[in-house]
Structures are given as C-alpha cells and as structure tokens.
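See below for upload.pdb, which holds PDB, C-alpha atoms.
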```pdb
ATOM      1  CA  MET Q 678     136.432 161.613  44.775
ATOM      2  CA  ILE Q 679     135.366 164.948  43.229
ATOM      3  CA  LYS Q 680     133.551 163.254  40.357
ATOM      4  CA  HIS Q 681     131.817 160.859  42.762
ATOM      5  CA  LEU Q 682     130.606 163.703  45.019
ATOM      6  CA  ALA Q 683     129.522 165.824  42.051
ATOM      7  CA  ALA Q 684     127.580 162.894  40.565
ATOM      8  CA  LEU Q 685     125.964 162.174  43.940
ATOM      9  CA  LEU Q 686     124.753 165.760  44.291
ATOM     10  CA  ARG Q 687     123.517 165.847  40.687
ATOM     11  CA  GLN Q 688     121.591 162.588  41.054
ATOM     12  CA  THR Q 689     120.100 163.738  44.350
ATOM     13  CA  ILE Q 690     118.838 166.952  42.742
ATOM     14  CA  LEU Q 691     117.297 164.934  39.902
ATOM     15  CA  ASN Q 692     115.458 162.743  42.436
ATOM     16  CA  MET Q 693     114.049 165.595  44.500
ATOM     17  CA  GLU Q 694     110.388 166.582  44.622
ATOM     18  CA  LYS Q 695     109.002 170.071  43.975
ATOM     19  CA  ASP Q 696     108.576 170.744  47.711
ATOM     20  CA  ASP Q 697     112.283 170.021  48.284
ATOM     21  CA  PHE Q 698     113.318 173.024  46.181
ATOM     22  CA  ALA Q 699     112.562 175.792  48.715
ATOM     23  CA  LYS Q 700     111.179 178.623  46.559
ATOM     24  CA  SER Q 701     113.261 177.446  43.601
ATOM     25  CA  ASP Q 702     110.756 175.817  41.248
ATOM     26  CA  TRP Q 703     113.114 176.327  38.301
ATOM     27  CA  PHE Q 704     115.051 173.310  39.601
ATOM     28  CA  LEU Q 705     112.255 171.202  38.130
ATOM     29  CA  ARG Q 706     113.928 172.041  34.764
ATOM     30  CA  PHE Q 707     117.383 170.985  36.024
ATOM     31  CA  PRO Q 708     119.980 171.571  34.647
ATOM     32  CA  HIS Q 709     118.441 174.402  32.579
ATOM     33  CA  GLY Q 710     118.691 177.759  34.312
ATOM     34  CA  CYS Q 711     120.120 176.248  37.491
ATOM     35  CA  CYS Q 712     123.875 176.578  37.065
ATOM     36  CA  GLY Q 713     124.446 179.381  39.576
ATOM     37  CA  ASP Q 714     122.477 177.858  42.448
ATOM     38  CA  THR Q 715     123.734 174.377  41.610
ATOM     39  CA  SER Q 716     127.346 175.554  41.661
ATOM     40  CA  ASN Q 717     126.760 177.210  45.041
ATOM     41  CA  LEU Q 718     125.228 174.005  46.427
ATOM     42  CA  LEU Q 719     127.994 171.847  44.952
ATOM     43  CA  SER Q 720     130.637 174.216  46.336
ATOM     44  CA  ARG Q 721     129.194 173.789  49.836
ATOM     45  CA  PHE Q 722     128.898 170.007  49.434
ATOM     46  CA  LEU Q 723     132.498 169.700  48.284
ATOM     47  CA  ARG Q 724     133.701 172.052  51.052
ATOM     48  CA  ASP Q 725     131.840 169.943  53.628
ATOM     49  CA  ASN Q 726     133.830 167.013  52.234
ATOM     50  CA  GLY Q 727     137.187 168.792  52.534
ATOM     51  CA  ILE Q 728     137.475 170.253  49.013
ATOM     52  CA  SER Q 729     137.479 174.073  48.743
ATOM     53  CA  THR Q 730     136.557 175.267  45.274
ATOM     54  CA  GLU Q 731     136.249 178.565  43.462
ATOM     55  CA  TYR Q 732     132.917 179.619  41.953
ATOM     56  CA  VAL Q 733     133.288 180.997  38.416
ATOM     57  CA  SER Q 734     130.648 182.617  36.226
ATOM     58  CA  GLY Q 735     130.775 184.257  32.830
ATOM     59  CA  PHE Q 736     128.857 185.128  29.668
ATOM     60  CA  ARG Q 737     128.890 183.756  26.151
ATOM     61  CA  GLY Q 738     126.865 186.332  24.273
ATOM     62  CA  ASN Q 739     123.691 186.788  26.331
ATOM     63  CA  GLN Q 740     123.951 183.339  27.941
ATOM     64  CA  SER Q 741     125.401 183.161  31.438
ATOM     65  CA  HIS Q 742     126.899 180.055  32.995
ATOM     66  CA  ALA Q 743     128.521 179.114  36.307
ATOM     67  CA  TRP Q 744     130.806 176.266  37.372
ATOM     68  CA  LEU Q 745     133.485 175.438  39.942
ATOM     69  CA  GLU Q 746     137.238 175.212  39.706
ATOM     70  CA  TYR Q 747     139.651 173.350  41.942
ATOM     71  CA  ASP Q 748     143.388 172.937  41.388
ATOM     72  CA  ASN Q 749     143.110 173.558  37.600
ATOM     73  CA  LEU Q 750     140.049 171.293  37.358
ATOM     74  CA  ILE Q 751     136.711 172.422  35.984
ATOM     75  CA  ILE Q 752     133.785 170.878  37.895
ATOM     76  CA  ASP Q 753     130.467 171.388  36.131
ATOM     77  CA  ILE Q 754     127.262 169.392  36.581
ATOM     78  CA  THR Q 755     125.045 171.677  34.495
ATOM     79  CA  ALA Q 756     127.130 172.145  31.314
ATOM     80  CA  TYR Q 757     125.166 169.392  29.570
ATOM     81  CA  GLN Q 758     122.267 171.831  29.225
ATOM     82  CA  PHE Q 759     124.289 173.106  26.261
ATOM     83  CA  PRO Q 760     124.003 170.934  23.136
ATOM     84  CA  GLU Q 761     127.763 170.677  22.564
ATOM     85  CA  ILE Q 762     128.407 169.090  25.996
ATOM     86  CA  LYS Q 763     127.560 165.413  26.304
ATOM     87  CA  GLU Q 764     128.889 164.612  29.801
ATOM     88  CA  GLU Q 765     126.452 164.993  32.689
ATOM     89  CA  VAL Q 766     129.270 165.299  35.235
ATOM     90  CA  LEU Q 767     132.163 167.242  33.798
ATOM     91  CA  VAL Q 768     135.444 167.114  35.723
ATOM     92  CA  THR Q 769     138.254 168.130  33.387
ATOM     93  CA  ARG Q 770     141.424 170.155  32.978
ATOM     94  CA  ASP Q 771     140.313 171.161  29.471
ATOM     95  CA  LYS Q 772     139.180 174.773  29.812
ATOM     96  CA  SER Q 773     138.604 175.431  26.110
ATOM     97  CA  TRP Q 774     134.791 175.369  26.307
ATOM     98  CA  HIS Q 775     134.540 177.310  29.579
ATOM     99  CA  ASP Q 776     137.021 179.912  28.308
ATOM    100  CA  LYS Q 777     134.385 180.913  25.735
ATOM    101  CA  PHE Q 778     132.482 182.504  28.627
ATOM    102  CA  LYS Q 779     133.861 186.027  28.946
ATOM    103  CA  ARG Q 780     133.720 188.612  31.731
ATOM    104  CA  GLN Q 781     134.412 185.835  34.203
ATOM    105  CA  GLU Q 782     133.936 186.586  37.871
ATOM    106  CA  ARG Q 783     135.232 184.465  40.731
ATOM    107  CA  SER Q 784     134.205 183.989  44.337
ATOM    108  CA  ASP Q 785     134.238 181.348  47.039
ATOM    109  CA  GLY Q 786     130.599 180.449  46.255
ATOM    110  CA  ASP Q 787     129.595 180.509  49.935
ATOM    111  CA  PHE Q 788     125.847 181.096  49.967
ATOM    112  CA  GLU Q 789     126.001 181.734  53.737
ATOM    113  CA  ARG Q 790     127.264 185.220  52.783
ATOM    114  CA  PHE Q 791     124.274 185.963  50.535
ATOM    115  CA  GLU Q 792     121.429 188.269  51.518
ATOM    116  CA  SER Q 793     118.857 186.590  53.764
ATOM    117  CA  TYR Q 794     116.316 185.482  51.125
ATOM    118  CA  ASN Q 795     118.827 183.566  48.980
ATOM    119  CA  ARG Q 796     120.839 182.370  51.980
ATOM    120  CA  ASN Q 797     117.695 180.877  53.543
ATOM    121  CA  ARG Q 798     116.465 179.453  50.223
ATOM    122  CA  LEU Q 799     119.764 177.716  49.460
ATOM    123  CA  SER Q 800     120.296 176.617  53.077
ATOM    124  CA  SER Q 801     116.882 174.963  53.066
ATOM    125  CA  MET Q 802     117.555 173.269  49.736
ATOM    126  CA  TYR Q 803     120.978 172.111  50.942
ATOM    127  CA  ALA Q 804     119.431 170.618  54.086
ATOM    128  CA  ASN Q 805     116.937 168.746  51.873
ATOM    129  CA  ILE Q 806     119.775 167.462  49.686
ATOM    130  CA  LEU Q 807     121.690 166.189  52.716
ATOM    131  CA  ARG Q 808     118.536 164.554  54.087
ATOM    132  CA  LYS Q 809     117.967 162.759  50.750
ATOM    133  CA  ILE Q 810     121.588 161.610  50.600
ATOM    134  CA  SER Q 811     121.455 160.398  54.201
ATOM    135  CA  SER Q 812     118.232 158.437  53.675
ATOM    136  CA  LYS Q 813     119.609 156.926  50.458
ATOM    137  CA  GLU Q 814     122.802 155.816  52.230
ATOM    138  CA  GLN Q 815     120.736 154.170  54.965
ATOM    139  CA  VAL Q 816     118.831 152.184  52.332
ATOM    140  CA  ASN Q 817     122.008 151.034  50.520
TER     141      ASN Q 817
END
```
Write-out of the structure in structure tokens:
Amino acid sequence: MIKHLAALLRQTILNMEKDDFAKSDWFLRFPHGCCGDTSNLLSRFLRDNGISTEYVSGFRGNQSHAWLEYDNLIIDITAYQFPEIKEEVLVTRDKSWHDKFKRQERSDGDFERFESYNRNRLSSMYANILRKISSKEQVN
C-alpha cells in the first residue's frame, strides 16, 4: 500500500504542469532539489490515507536530503536523484545509504504548521496533486 501511494504521488508530480507548482518552479527539475517539499507532500498524502510517517532530513557533506520513515521503513521518492540509487520509489528497511546522511533531524512533516508562505505554497500544490489524482481516477 505504501509503495503504491508513494508511486502514485511521484507519477502525479511528474505529470504536473508548471502552473500546478504554486511558486515552486524547481519542481520542474523533479526529483533534483525537491526532496524536502516532496517528503512533506508525501507525508500528508500518506497521513490522509491512514499512514503517519516521520520526516527525516540530514547532510552528507554539503548535500542535504529528506525522506520519510514508518515502522522501520524508509520511504523515499527522490533518492534516485543520486547516481548510486536506481529505484524511483524506494521503500526499504535497509538504512545503510540513508545513514550516511548525518546530523539527522526528525519531525512529523506537517506543512500546516509552517509559516504562512510555505504553508500556503504547499497547500496549493497538494490541492493540485489531489485534483490530478482525482481526475486520473475518473478516467481509469
């Protein structure tokens, strides 16, 4: 279920237009530079589907990265921006790669608690994602 929902969100983001990204043009380079926002959006999507995750971020040298964890599972739909990761939707108990990111910080990933600019930006993008998913389901 988690892998299916993560893949659905990832594919929806890939199919979105520039105007769907609500002041977040960098999503046109998805997954590059999008891991934090994507993890926040995925956290909300999973929570809306009954799965509460933990948002985790860390640094490997100067490179930051963010992903989700749930019940000892890593959930990461942006790790394939790194050349050593080949899976587009990573759902695994193997933490060896993610453990290379140091100074890890954890939170619930709820963007509704962010300051107004980022809360509104991510809320708008999330609404667009749900609209795209809903219209796709009506077609199928």
Tell me which residues the PyMOL selection byres ((chain Q and resi 757) around 12) grabs here, as a PyMOL selection string. chain Q and resi 687+707-712+742+744+753-756+758-767+774
Please enumerate the residues selected by the PyMOL selection byres ((chain Q and resi 694) around 12) when evaluated against the supplied file, formatted as a list in words.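 With the PyMOL selection byres ((chain Q and resi 694) around 12) on this model, the match is Thr689, Ile690, Leu691, Asn692, Met693, Lys695, Asp696, Asp697, Phe698, Ala699, Ser701, Asp702, Trp703, Phe704, Leu705, Arg706, Phe707, Met802, Asn805, Ile806 and Lys809 of chain Q.
Atom pair atom CA of Ser773 of chain Q / atom CA of Asp714 of chain Q: separated by 23.1 Å.
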Once the PyMOL selection byres ((chain Q and resi 733-739) around 7) is applied to the coordinates I shared, what remains selected? I want it as an NGL selection string. :Q and (731-732 or 740-745 or 777-784)
At what distance in Å, to one decimal, does atom CA of Leu682 of chain Q lie from atom CA of Lys700 of chain Q? 24.5 Å
Could you state the separation of atom CA of Ile751 of chain Q and atom CA of Tyr794 of chain Q in Å, given to one decimal place?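 These two atoms are separated by 28.6 Å.
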Nearest residue to Ser716 of chain Q from the set Q:Ile728, Q:Lys680, Q:Val768, Q:Phe788 (distances using only C-alpha atoms):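 Looking at the shortest contact to Ser716 of chain Q, the residue is Q:Phe788.
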List as a PyMOL selection string the protein and nucleic acid residues near segment 724-726 of chain Q, meaning an atom at most 12 Å away when only C-alpha atoms are counted, but skip any in the same chain fewer than 6 places from it. chain Q and resi 678-679+681-683+716-718+732+745+747+785-787+803+807
Box centre and edge lengths (Å, one decimal), axis-aligned, segment 697-713 of chain Q plus 8 Å each side, as lines of an AutoDock Vina configuration file:
```
center_x = 117.6
center_y = 174.7
center_z = 40.6
size_x = 29.7
size_y = 25.4
size_z = 32.1
```
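With all atoms listed in the file as the atoms that count, the minimum distance from Asp748 of chain Q to the choices Q:Arg770, Q:Gly727, Q:Ala684, Q:Phe791 is reached by Q:Arg770.
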Using the partial input, fill out segment 787-811 of chain Q with N, CA, C and O atoms; write the result as a PDB file, keeping the file's coordinate frame.
```pdb
ATOM      1  N   ASP Q 787     130.214 180.797  48.639  1.00  0.00           N
ATOM      2  CA  ASP Q 787     129.595 180.509  49.935  1.00  0.00           C
ATOM      3  C   ASP Q 787     128.259 181.219  50.051  1.00  0.00           C
ATOM      4  O   ASP Q 787     128.202 182.426  50.270  1.00  0.00           O
ATOM      5  N   PHE Q 788     127.168 180.471  49.923  1.00  0.00           N
ATOM      6  CA  PHE Q 788     125.847 181.096  49.967  1.00  0.00           C
ATOM      7  C   PHE Q 788     125.486 181.587  51.368  1.00  0.00           C
ATOM      8  O   PHE Q 788     124.526 182.341  51.531  1.00  0.00           O
ATOM      9  N   GLU Q 789     126.246 181.215  52.388  1.00  0.00           N
ATOM     10  CA  GLU Q 789     126.001 181.734  53.737  1.00  0.00           C
ATOM     11  C   GLU Q 789     126.278 183.236  53.798  1.00  0.00           C
ATOM     12  O   GLU Q 789     125.828 183.915  54.720  1.00  0.00           O
ATOM     13  N   ARG Q 790     126.964 183.784  52.830  1.00  0.00           N
ATOM     14  CA  ARG Q 790     127.264 185.220  52.783  1.00  0.00           C
ATOM     15  C   ARG Q 790     126.243 185.994  51.951  1.00  0.00           C
ATOM     16  O   ARG Q 790     126.347 187.208  51.829  1.00  0.00           O
ATOM     17  N   PHE Q 791     125.289 185.310  51.362  1.00  0.00           N
ATOM     18  CA  PHE Q 791     124.274 185.963  50.535  1.00  0.00           C
ATOM     19  C   PHE Q 791     123.298 186.742  51.411  1.00  0.00           C
ATOM     20  O   PHE Q 791     123.226 186.539  52.618  1.00  0.00           O
ATOM     21  N   GLU Q 792     122.491 187.594  50.776  1.00  0.00           N
ATOM     22  CA  GLU Q 792     121.429 188.269  51.518  1.00  0.00           C
ATOM     23  C   GLU Q 792     120.443 187.219  52.017  1.00  0.00           C
ATOM     24  O   GLU Q 792     120.442 186.088  51.560  1.00  0.00           O
ATOM     25  N   SER Q 793     119.629 187.580  53.000  1.00  0.00           N
ATOM     26  CA  SER Q 793     118.857 186.590  53.764  1.00  0.00           C
ATOM     27  C   SER Q 793     117.936 185.715  52.907  1.00  0.00           C
ATOM     28  O   SER Q 793     117.853 184.510  53.138  1.00  0.00           O
ATOM     29  N   TYR Q 794     117.247 186.284  51.921  1.00  0.00           N
ATOM     30  CA  TYR Q 794     116.316 185.482  51.125  1.00  0.00           C
ATOM     31  C   TYR Q 794     117.039 184.327  50.439  1.00  0.00           C
ATOM     32  O   TYR Q 794     116.642 183.163  50.562  1.00  0.00           O
ATOM     33  N   ASN Q 795     118.110 184.620  49.711  1.00  0.00           N
ATOM     34  CA  ASN Q 795     118.827 183.566  48.980  1.00  0.00           C
ATOM     35  C   ASN Q 795     119.624 182.668  49.918  1.00  0.00           C
ATOM     36  O   ASN Q 795     119.745 181.467  49.667  1.00  0.00           O
ATOM     37  N   ARG Q 796     120.146 183.203  50.990  1.00  0.00           N
ATOM     38  CA  ARG Q 796     120.839 182.370  51.980  1.00  0.00           C
ATOM     39  C   ARG Q 796     119.874 181.341  52.560  1.00  0.00           C
ATOM     40  O   ARG Q 796     120.172 180.153  52.611  1.00  0.00           O
ATOM     41  N   ASN Q 797     118.682 181.794  52.963  1.00  0.00           N
ATOM     42  CA  ASN Q 797     117.695 180.877  53.543  1.00  0.00           C
ATOM     43  C   ASN Q 797     117.183 179.868  52.524  1.00  0.00           C
ATOM     44  O   ASN Q 797     117.008 178.687  52.829  1.00  0.00           O
ATOM     45  N   ARG Q 798     116.956 180.331  51.286  1.00  0.00           N
ATOM     46  CA  ARG Q 798     116.465 179.453  50.223  1.00  0.00           C
ATOM     47  C   ARG Q 798     117.478 178.344  49.930  1.00  0.00           C
ATOM     48  O   ARG Q 798     117.134 177.158  49.901  1.00  0.00           O
ATOM     49  N   LEU Q 799     118.742 178.713  49.765  1.00  0.00           N
ATOM     50  CA  LEU Q 799     119.764 177.716  49.460  1.00  0.00           C
ATOM     51  C   LEU Q 799     120.097 176.849  50.674  1.00  0.00           C
ATOM     52  O   LEU Q 799     120.346 175.649  50.526  1.00  0.00           O
ATOM     53  N   SER Q 800     120.065 177.418  51.861  1.00  0.00           N
ATOM     54  CA  SER Q 800     120.296 176.617  53.077  1.00  0.00           C
ATOM     55  C   SER Q 800     119.224 175.551  53.238  1.00  0.00           C
ATOM     56  O   SER Q 800     119.521 174.398  53.577  1.00  0.00           O
ATOM     57  N   SER Q 801     117.982 175.917  52.981  1.00  0.00           N
ATOM     58  CA  SER Q 801     116.882 174.963  53.066  1.00  0.00           C
ATOM     59  C   SER Q 801     117.029 173.860  52.019  1.00  0.00           C
ATOM     60  O   SER Q 801     116.862 172.670  52.305  1.00  0.00           O
ATOM     61  N   MET Q 802     117.368 174.256  50.799  1.00  0.00           N
ATOM     62  CA  MET Q 802     117.555 173.269  49.736  1.00  0.00           C
ATOM     63  C   MET Q 802     118.731 172.347  50.061  1.00  0.00           C
ATOM     64  O   MET Q 802     118.651 171.131  49.859  1.00  0.00           O
ATOM     65  N   TYR Q 803     119.806 172.919  50.595  1.00  0.00           N
ATOM     66  CA  TYR Q 803     120.978 172.111  50.942  1.00  0.00           C
ATOM     67  C   TYR Q 803     120.635 171.103  52.034  1.00  0.00           C
ATOM     68  O   TYR Q 803     121.032 169.934  51.959  1.00  0.00           O
ATOM     69  N   ALA Q 804     119.859 171.537  53.022  1.00  0.00           N
ATOM     70  CA  ALA Q 804     119.431 170.618  54.086  1.00  0.00           C
ATOM     71  C   ALA Q 804     118.601 169.480  53.498  1.00  0.00           C
ATOM     72  O   ALA Q 804     118.754 168.313  53.898  1.00  0.00           O
ATOM     73  N   ASN Q 805     117.738 169.787  52.532  1.00  0.00           N
ATOM     74  CA  ASN Q 805     116.937 168.746  51.873  1.00  0.00           C
ATOM     75  C   ASN Q 805     117.820 167.783  51.085  1.00  0.00           C
ATOM     76  O   ASN Q 805     117.572 166.574  51.070  1.00  0.00           O
ATOM     77  N   ILE Q 806     118.836 168.309  50.433  1.00  0.00           N
ATOM     78  CA  ILE Q 806     119.775 167.462  49.686  1.00  0.00           C
ATOM     79  C   ILE Q 806     120.477 166.503  50.646  1.00  0.00           C
ATOM     80  O   ILE Q 806     120.549 165.299  50.395  1.00  0.00           O
ATOM     81  N   LEU Q 807     120.990 167.042  51.747  1.00  0.00           N
ATOM     82  CA  LEU Q 807     121.690 166.189  52.716  1.00  0.00           C
ATOM     83  C   LEU Q 807     120.759 165.129  53.310  1.00  0.00           C
ATOM     84  O   LEU Q 807     121.166 163.985  53.521  1.00  0.00           O
ATOM     85  N   ARG Q 808     119.519 165.503  53.562  1.00  0.00           N
ATOM     86  CA  ARG Q 808     118.536 164.554  54.087  1.00  0.00           C
ATOM     87  C   ARG Q 808     118.292 163.425  53.086  1.00  0.00           C
ATOM     88  O   ARG Q 808     118.245 162.253  53.449  1.00  0.00           O
ATOM     89  N   LYS Q 809     118.174 163.782  51.794  1.00  0.00           N
ATOM     90  CA  LYS Q 809     117.967 162.759  50.750  1.00  0.00           C
ATOM     91  C   LYS Q 809     119.182 161.843  50.630  1.00  0.00           C
ATOM     92  O   LYS Q 809     119.034 160.630  50.493  1.00  0.00           O
ATOM     93  N   ILE Q 810     120.369 162.416  50.687  1.00  0.00           N
ATOM     94  CA  ILE Q 810     121.588 161.610  50.600  1.00  0.00           C
ATOM     95  C   ILE Q 810     121.682 160.681  51.793  1.00  0.00           C
ATOM     96  O   ILE Q 810     121.977 159.492  51.654  1.00  0.00           O
ATOM     97  N   SER Q 811     121.385 161.202  52.980  1.00  0.00           N
ATOM     98  CA  SER Q 811     121.455 160.398  54.201  1.00  0.00           C
ATOM     99  C   SER Q 811     120.463 159.242  54.165  1.00  0.00           C
ATOM    100  O   SER Q 811     120.795 158.110  54.503  1.00  0.00           O
TER     101      SER Q 811
END
```
